[in-house]
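Okay, structure first, notes after.
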Amino acid sequence: MIEINSFLVMNNFSIKDTMRIIGNNGLGIAFVTNNEGTLLGTVTDGDIRKALGNGTSISTDVEQIMNTNPITVQEEFTSHDLKNNVHQRIKGFSRYYTLKVPVVDNNKKVVNIVMYNLHDNTYELLKEFNSHQTKDVKKVLVVGGAGYIGSTLCHQLIEKGYDVRVLDKMTFGHGSISELQKLPNFELLEGDLRNITTITSALENIDAVILLAGIVGDPASSKIPKETIETNYFATLALANACKYYQINRFVFASTCSVYGSSSGIVTEEDALNPLSLYARSKIDSEQSILNLKDTNFAPTMLRMATVYGLSRRMRFDLVVNIFALKAATGDTISIFGGDQWRPFVHVEDAASAYIKCLEAPLKDIAGETFNIGAENYTINQLGEFAKELFPEATIEKTDKQVIKGALDSRDYKVSFAKAKRIIKFEPQRTVKKAMLDIKNAIEQGSLDNFNDKAYYNVEMAEKKSVPDNSKEI
């Protein structure tokens with residue numbers, strides 16, 4: 001149950017202290033009072049970010065930026081009073097927005113809060129309000145939102161009523177988000193994450209940031225090491241610092257389970273890391289640097305993604321499940337190198353949902369936390385068996401060496417996903433077998449073709465030094 005006191009701040013509180021109160025109450029607003037508890041004004045997370053963008057110090061007293069003439073209603077208000085007060089004053093709010101209106105007594109002390117839904121003009125009092133999901137996030141920046149996971153995530157966010165802005169270099173074209181570009185609550189900003197001016201423009205009026213963009217996978221990173229370091233580390237850290245400065249306290253970073261490298265047994269988030277590639281090292285460096293920025297307000301979250309698979313609007317055929325399904329469905333030979341090595345796996349739709357779980361979890365539950373995101377662990381041989389079971393005519397060719405694009409691949413690890421299930425309630429719903437059949441059906445129906453197109457393969461695009469790929473690990 002949310003208490004009214006969790007919304008109240010004294011007029012001499014600093015902007016930073018006020019933002020911490022706002023982050024903890026989870027509804028994006030604080031009510032500013034004097035020593036006697038009299039309401040002086042209101043301040044939202046958006047007000048604070050706007051002030052910081054205009055050069056106001058984070059140590060400034062909140063009364064300097066508060067709204068001194070907020071919408072209020074008296075204790076004995078009627079629905080007619082509330083509707084009139086709201087609609088005489090507001091303009092330009094999203095139809096999904098829930099307005100928080102203080103209820104005051106004759107001494108102007110806050111005694112209750114009304115949650116007023118602008119979409120259907122309904123309202124609830126604070127003590128009756130369903131606070132199971134955090135409501136402070138309205139507009140989300142997805143960096144890399146046109147990519148393999150990103151395009152899937154953006155569609156899910158729009159379906160759940162979020163406003164979405166995408167920052168993407170659009171290396172792979174607009175097809176993955178073309179449907180979204182027609183919608184009023186979607187915005188595309190084409191640009192490179194490595195440009196600081198682009199970053200600051202992208203953060204305007206944003207409540208949360210999800211960073212998916214990067215040079216992704218061991219082969220692609222090895223092709224363009226300079227761009228990998230610039231994008232996966234320096235640009236990532238610049239974006240995180242900018243979010244901290246602007247008090248955008250929900251920052252979700254896409255890392256990778258490749259950081260575990262090779263291990264015996266099932267690894268958890270607490271186990272030692274064993275990076276075997278530049279890609280994995282760049283992710284570890286970014287994780288550590290971002291987590292070092294954590295303070296009482298800034299609450300970054302690291303998601304270590306398993307190998308992703310399944311249909312996406314920006315399809316990839318350089319991911320092992322997708323490769324096997326493609327080859328089996330088209331009569332090509334499935335090549336297995338080694339085969340006994342373990343990998344964790346997760347469907348792209350489930351992967352996208354994990355980011356939304358982080359947006360909707362209480363800030364205290366995800367602040368500075370790292371989560372492994374996946375569904376199951378399989379050996380590469382087991383994936384080959386799945387393909388043979390589903391496609392009896394498929395041909396499988398095995399060799400002893402574990403190679404990837406001609407280089408020795410020593411990765412071999414099984415991963416625990418218990419922490420994500422326990423804390424952010426992440427429950428994957430899809431399976432490898434079903435995804436293989438989905439890819440087969442898409443091929444047969446003609447929605448996937450021209451399988452040698454470089455757009456399907458990260459390493460091929462890396463040879464063109466494209467930045468960023470905006471998807472996840474191979």
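Every chain in the structure tokens takes a letter, A first, then B, and so on in the order presented; its residues are numbered from 1, and the ligands are numbered from 1 following the presented order.
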
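Every protein, DNA or RNA residue with an atom at most 12 Å from Asn452 in chain A, where only C-alpha atoms count and chain neighbours fewer than 5 positions away do not, is listed here: Arg316, Phe317, Asp318, Ile323, Leu326, Lys327, Tyr457 and Glu460 of chain A.
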
Could you pull out the residues in range 84-324 of chain A that DSSP calls alpha helix (DSSP H) from the backbone, as a PyMOL selection string?
chain A and resi 84-87+148-159+196-202+218-223+225-229+236-245+278-291+320-324

Restrict the selected residues to C-alpha atoms and save them as a compact mmCIF listing (two decimals), in the first residue's frame.
# COMPACT_ATOMS: atom_id res chain seq x y z
CA ASN A 84 -13.80 20.39 -14.20
CA ASN A 85 -10.60 21.16 -12.30
CA VAL A 86 -8.58 18.83 -14.49
CA HIS A 87 -9.94 19.70 -17.92
CA TYR A 148 16.59 -7.98 -33.57
CA ILE A 149 15.44 -7.62 -29.96
CA GLY A 150 14.78 -3.89 -30.21
CA SER A 151 12.05 -4.01 -32.83
CA THR A 152 10.28 -6.78 -30.91
CA LEU A 153 10.57 -4.79 -27.68
CA CYS A 154 9.20 -1.61 -29.27
CA HIS A 155 6.10 -3.42 -30.51
CA GLN A 156 5.54 -4.85 -27.03
CA LEU A 157 5.99 -1.43 -25.39
CA ILE A 158 3.51 0.22 -27.75
CA GLU A 159 0.99 -2.55 -27.12
CA ILE A 196 27.10 13.17 -27.55
CA THR A 197 24.77 15.74 -29.12
CA THR A 198 22.63 12.91 -30.43
CA ILE A 199 22.54 11.37 -26.95
CA THR A 200 21.38 14.54 -25.21
CA SER A 201 18.70 15.14 -27.85
CA ALA A 202 17.45 11.58 -27.49
CA ASP A 218 32.32 -12.45 -31.09
CA PRO A 219 32.85 -12.57 -34.89
CA ALA A 220 31.52 -9.06 -35.53
CA SER A 221 33.53 -7.57 -32.65
CA SER A 222 36.74 -9.21 -33.81
CA LYS A 223 36.24 -7.75 -37.30
CA PRO A 225 37.68 -3.91 -32.64
CA LYS A 226 38.02 -0.12 -32.67
CA GLU A 227 34.31 0.42 -33.33
CA THR A 228 33.50 -2.25 -30.74
CA ILE A 229 35.37 -0.38 -28.00
CA THR A 236 27.65 3.23 -23.48
CA LEU A 237 29.31 4.95 -20.54
CA ALA A 238 28.57 8.40 -21.98
CA LEU A 239 24.88 7.54 -22.26
CA ALA A 240 24.77 6.20 -18.69
CA ASN A 241 26.45 9.35 -17.38
CA ALA A 242 23.98 11.53 -19.27
CA CYS A 243 21.05 9.58 -17.79
CA LYS A 244 22.46 10.03 -14.30
CA TYR A 245 22.91 13.76 -14.86
CA LEU A 278 36.69 -8.74 -27.02
CA TYR A 279 32.89 -8.74 -27.17
CA ALA A 280 32.57 -10.29 -23.72
CA ARG A 281 35.29 -8.07 -22.25
CA SER A 282 33.60 -4.95 -23.60
CA LYS A 283 30.36 -5.96 -21.92
CA ILE A 284 32.09 -6.64 -18.58
CA ASP A 285 33.87 -3.29 -18.70
CA SER A 286 30.58 -1.55 -19.43
CA GLU A 287 28.74 -3.40 -16.67
CA GLN A 288 31.34 -2.44 -14.08
CA SER A 289 31.57 1.19 -15.17
CA ILE A 290 27.79 1.64 -15.23
CA LEU A 291 27.33 0.01 -11.84
CA VAL A 320 22.37 -21.06 -33.83
CA VAL A 321 18.70 -22.02 -33.43
CA ASN A 322 17.74 -19.85 -36.39
CA ILE A 323 20.60 -21.24 -38.48
CA PHE A 324 19.58 -24.83 -37.82

Give me the residues near Arg165 in chain A as a PyMOL selection string, where near means some atom within 8 Å (using only C-alpha atoms) and where sequence neighbours in that chain fewer than 5 positions away do not count.
chain A and resi 139-142+186-189+202

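The coordinates place CA of Asn274 in chain A at 28.7 Å from CA of Glu385 in chain A.
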
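Compared by their closest atoms to Glu124 in chain A, and using only C-alpha atoms, the residues A:Leu319, A:Leu390, A:Leu99, A:Ile423 rank with A:Leu99 nearest.
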
Please provide the set of residues having any atom within 6 Å of range 347-357 of chain A, restricted to only C-alpha atoms, with same-chain residues fewer than 6 positions apart removed, written as a list in words.
Ile149, Leu153, Val308, Tyr309, Gly310, Ile424 and Pro428 of chain A

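Counting from CA of Ser416 in chain A, the distance to CA of Gly374 in chain A is 8.2 Å.
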
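With only C-alpha atoms as the basis for measurement, A:Tyr246 is the residue among A:Tyr378, A:Tyr246, A:Phe7, A:Phe13 that approaches Ala51 in chain A most closely.
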
For Ser447 in chain A, which of A:Glu230, A:Ile58, A:Glu3, A:Arg313 is the closest residue, counting only C-alpha atoms?
A:Arg313

When DSSP works through the backbone of this structure, what residues of range 197-300 of chain A end up as strand (DSSP E or B), shown as an NGL selection string?
:A and (208-211 or 250-256 or 262-267 or 299-300)

Based on the selection just made, write C-alpha atoms of those residues as a JSON list (two decimals), in the first residue's frame.
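What landed in part-v4.json:
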[["chain", "number", "residue", "atom", "x", "y", "z"],
["A", 208, "ALA", "CA", 13.62, 5.35, -18.76],
["A", 209, "VAL", "CA", 16.35, 4.12, -21.10],
["A", 210, "ILE", "CA", 16.95, 0.65, -22.50],
["A", 211, "LEU", "CA", 20.32, 0.25, -24.20],
["A", 250, "ARG", "CA", 15.85, 3.60, -14.79],
["A", 251, "PHE", "CA", 18.68, 2.49, -17.08],
["A", 252, "VAL", "CA", 18.59, -1.08, -18.38],
["A", 253, "PHE", "CA", 21.72, -2.33, -20.12],
["A", 254, "ALA", "CA", 21.85, -5.33, -22.46],
["A", 255, "SER", "CA", 24.85, -7.44, -21.51],
["A", 256, "THR", "CA", 25.51, -11.07, -22.43],
["A", 262, "SER", "CA", 33.72, -21.50, -20.04],
["A", 263, "SER", "CA", 32.67, -23.03, -16.75],
["A", 264, "SER", "CA", 31.76, -26.29, -15.07],
["A", 265, "GLY", "CA", 28.41, -26.44, -13.34],
["A", 266, "ILE", "CA", 25.60, -23.90, -13.55],
["A", 267, "VAL", "CA", 26.71, -20.29, -13.16],
["A", 299, "ALA", "CA", 19.45, 2.68, -10.49],
["A", 300, "PRO", "CA", 21.08, 0.87, -13.43]]

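Each of A:Asn292, A:Ser59, A:Gln64, A:Thr395 was compared to Leu40 in chain A using only C-alpha atoms, and A:Gln64 turns out to be the nearest.
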
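Counting only C-alpha atoms and comparing A:Met315, A:Ala455, A:Leu273, A:Val101, the residue that lies closest to Met115 in chain A is A:Val101.
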
If you count only C-alpha atoms, which residues fall within 9 Å of range 18-35 of chain A, apart from same-chain ones fewer than 5 positions away, as an NGL selection string?
:A and (2-3 or 6-13 or 40-46 or 48 or 62-63 or 66 or 100 or 102 or 109-110 or 131 or 133-137 or 247 or 249 or 296-298 or 362-364)

Generate the output file for the selected residues, C-alpha atoms, as an mmCIF file, in the first residue's frame.
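Produced file again_22.cif, reproduced below:
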data_model
loop_
_atom_site.group_PDB
_atom_site.id
_atom_site.type_symbol
_atom_site.label_atom_id
_atom_site.label_comp_id
_atom_site.auth_asym_id
_atom_site.auth_seq_id
_atom_site.Cartn_x
_atom_site.Cartn_y
_atom_site.Cartn_z
ATOM 1 C CA ILE A 2 1.345 3.438 -0.946
ATOM 2 C CA GLU A 3 1.255 5.987 1.898
ATOM 3 C CA SER A 6 5.850 8.894 0.547
ATOM 4 C CA PHE A 7 4.789 11.775 -1.742
ATOM 5 C CA LEU A 8 5.634 14.669 0.600
ATOM 6 C CA VAL A 9 8.866 16.690 0.560
ATOM 7 C CA MET A 10 9.861 19.826 2.455
ATOM 8 C CA ASN A 11 10.386 22.972 0.426
ATOM 9 C CA ASN A 12 14.084 23.067 1.395
ATOM 10 C CA PHE A 13 14.757 19.563 0.069
ATOM 11 C CA LEU A 40 3.064 24.859 -1.511
ATOM 12 C CA GLY A 41 3.323 23.177 -4.883
ATOM 13 C CA THR A 42 4.061 20.019 -6.848
ATOM 14 C CA VAL A 43 7.033 18.769 -8.813
ATOM 15 C CA THR A 44 7.276 15.882 -11.279
ATOM 16 C CA ASP A 45 10.231 13.901 -12.537
ATOM 17 C CA GLY A 46 9.735 15.706 -15.855
ATOM 18 C CA ILE A 48 13.240 18.076 -12.571
ATOM 19 C CA VAL A 62 13.028 22.071 -4.889
ATOM 20 C CA GLU A 63 10.854 25.114 -4.185
ATOM 21 C CA MET A 66 8.023 23.535 -8.211
ATOM 22 C CA LYS A 100 -2.026 12.625 -9.618
ATOM 23 C CA PRO A 102 -3.712 16.157 -4.270
ATOM 24 C CA LYS A 109 -2.765 19.889 3.996
ATOM 25 C CA VAL A 110 -2.648 16.871 1.695
ATOM 26 C CA SER A 131 0.105 -0.089 -7.211
ATOM 27 C CA GLN A 133 3.022 -2.039 -11.292
ATOM 28 C CA THR A 134 5.164 1.054 -11.172
ATOM 29 C CA LYS A 135 3.477 3.939 -12.985
ATOM 30 C CA ASP A 136 6.272 6.508 -13.196
ATOM 31 C CA VAL A 137 7.561 5.383 -16.615
ATOM 32 C CA GLN A 247 18.005 11.936 -13.273
ATOM 33 C CA ASN A 249 17.135 6.708 -12.983
ATOM 34 C CA THR A 296 20.729 6.781 -4.089
ATOM 35 C CA ASN A 297 18.869 7.837 -7.248
ATOM 36 C CA PHE A 298 20.516 6.328 -10.325
ATOM 37 C CA PRO A 362 9.895 -1.315 -7.997
ATOM 38 C CA LEU A 363 13.072 0.710 -8.392
ATOM 39 C CA LYS A 364 14.541 -0.648 -5.150
#

Min atom-atom distance to Trp342 in chain A from the set A:Ala272, A:Ala367, A:Cys358, A:Val415, counting only C-alpha atoms, belongs to A:Val415

Find the residues around Asn112 in chain A up to 9 Å (only C-alpha atoms counted), leave out those fewer than 3 positions away in its own chain, and share them as a VMD selection string.
chain A and resid 4 75 101 to 104 125 to 127

Contacts of Asn377 in chain A at 6 Å or less, counting only C-alpha atoms, minus same-chain residues fewer than 6 places along, as a ChimeraX atom specification?
/A:343-344,414

Please produce a file of the residues just selected, as a PDB file, in the first residue's frame, where the atoms kept are C-alpha atoms.
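Result file again.pdb:
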ATOM      1  CA  ARG A 343      24.644 -22.595 -24.219  1.00  0.00           C
ATOM      2  CA  PRO A 344      21.713 -20.820 -22.591  1.00  0.00           C
ATOM      3  CA  LYS A 414      25.209 -23.416 -18.329  1.00  0.00           C
TER       4      LYS A 414
END

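For the pair CA of Lys294 in chain A and CA of Ser258 in chain A, the interatomic distance is 23.6 Å.
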
Check which residues of range 366-392 of chain A sit at most 12 Å from range 435-444 of chain A using only C-alpha atoms, and return one row each with the closest pair of atoms and their distance in Å to one decimal, ordered by chain and rising number, as CSV.
residue,atom,partner,partner_atom,distance
A:Leu383,CA,A:Met436,CA,10.0
A:Gly384,CA,A:Met436,CA,11.2
A:Phe386,CA,A:Met436,CA,8.7
A:Ala387,CA,A:Met436,CA,7.5
A:Lys388,CA,A:Met436,CA,11.0
A:Glu389,CA,A:Met436,CA,10.9
A:Leu390,CA,A:Leu437,CA,7.6
A:Phe391,CA,A:Leu437,CA,9.2
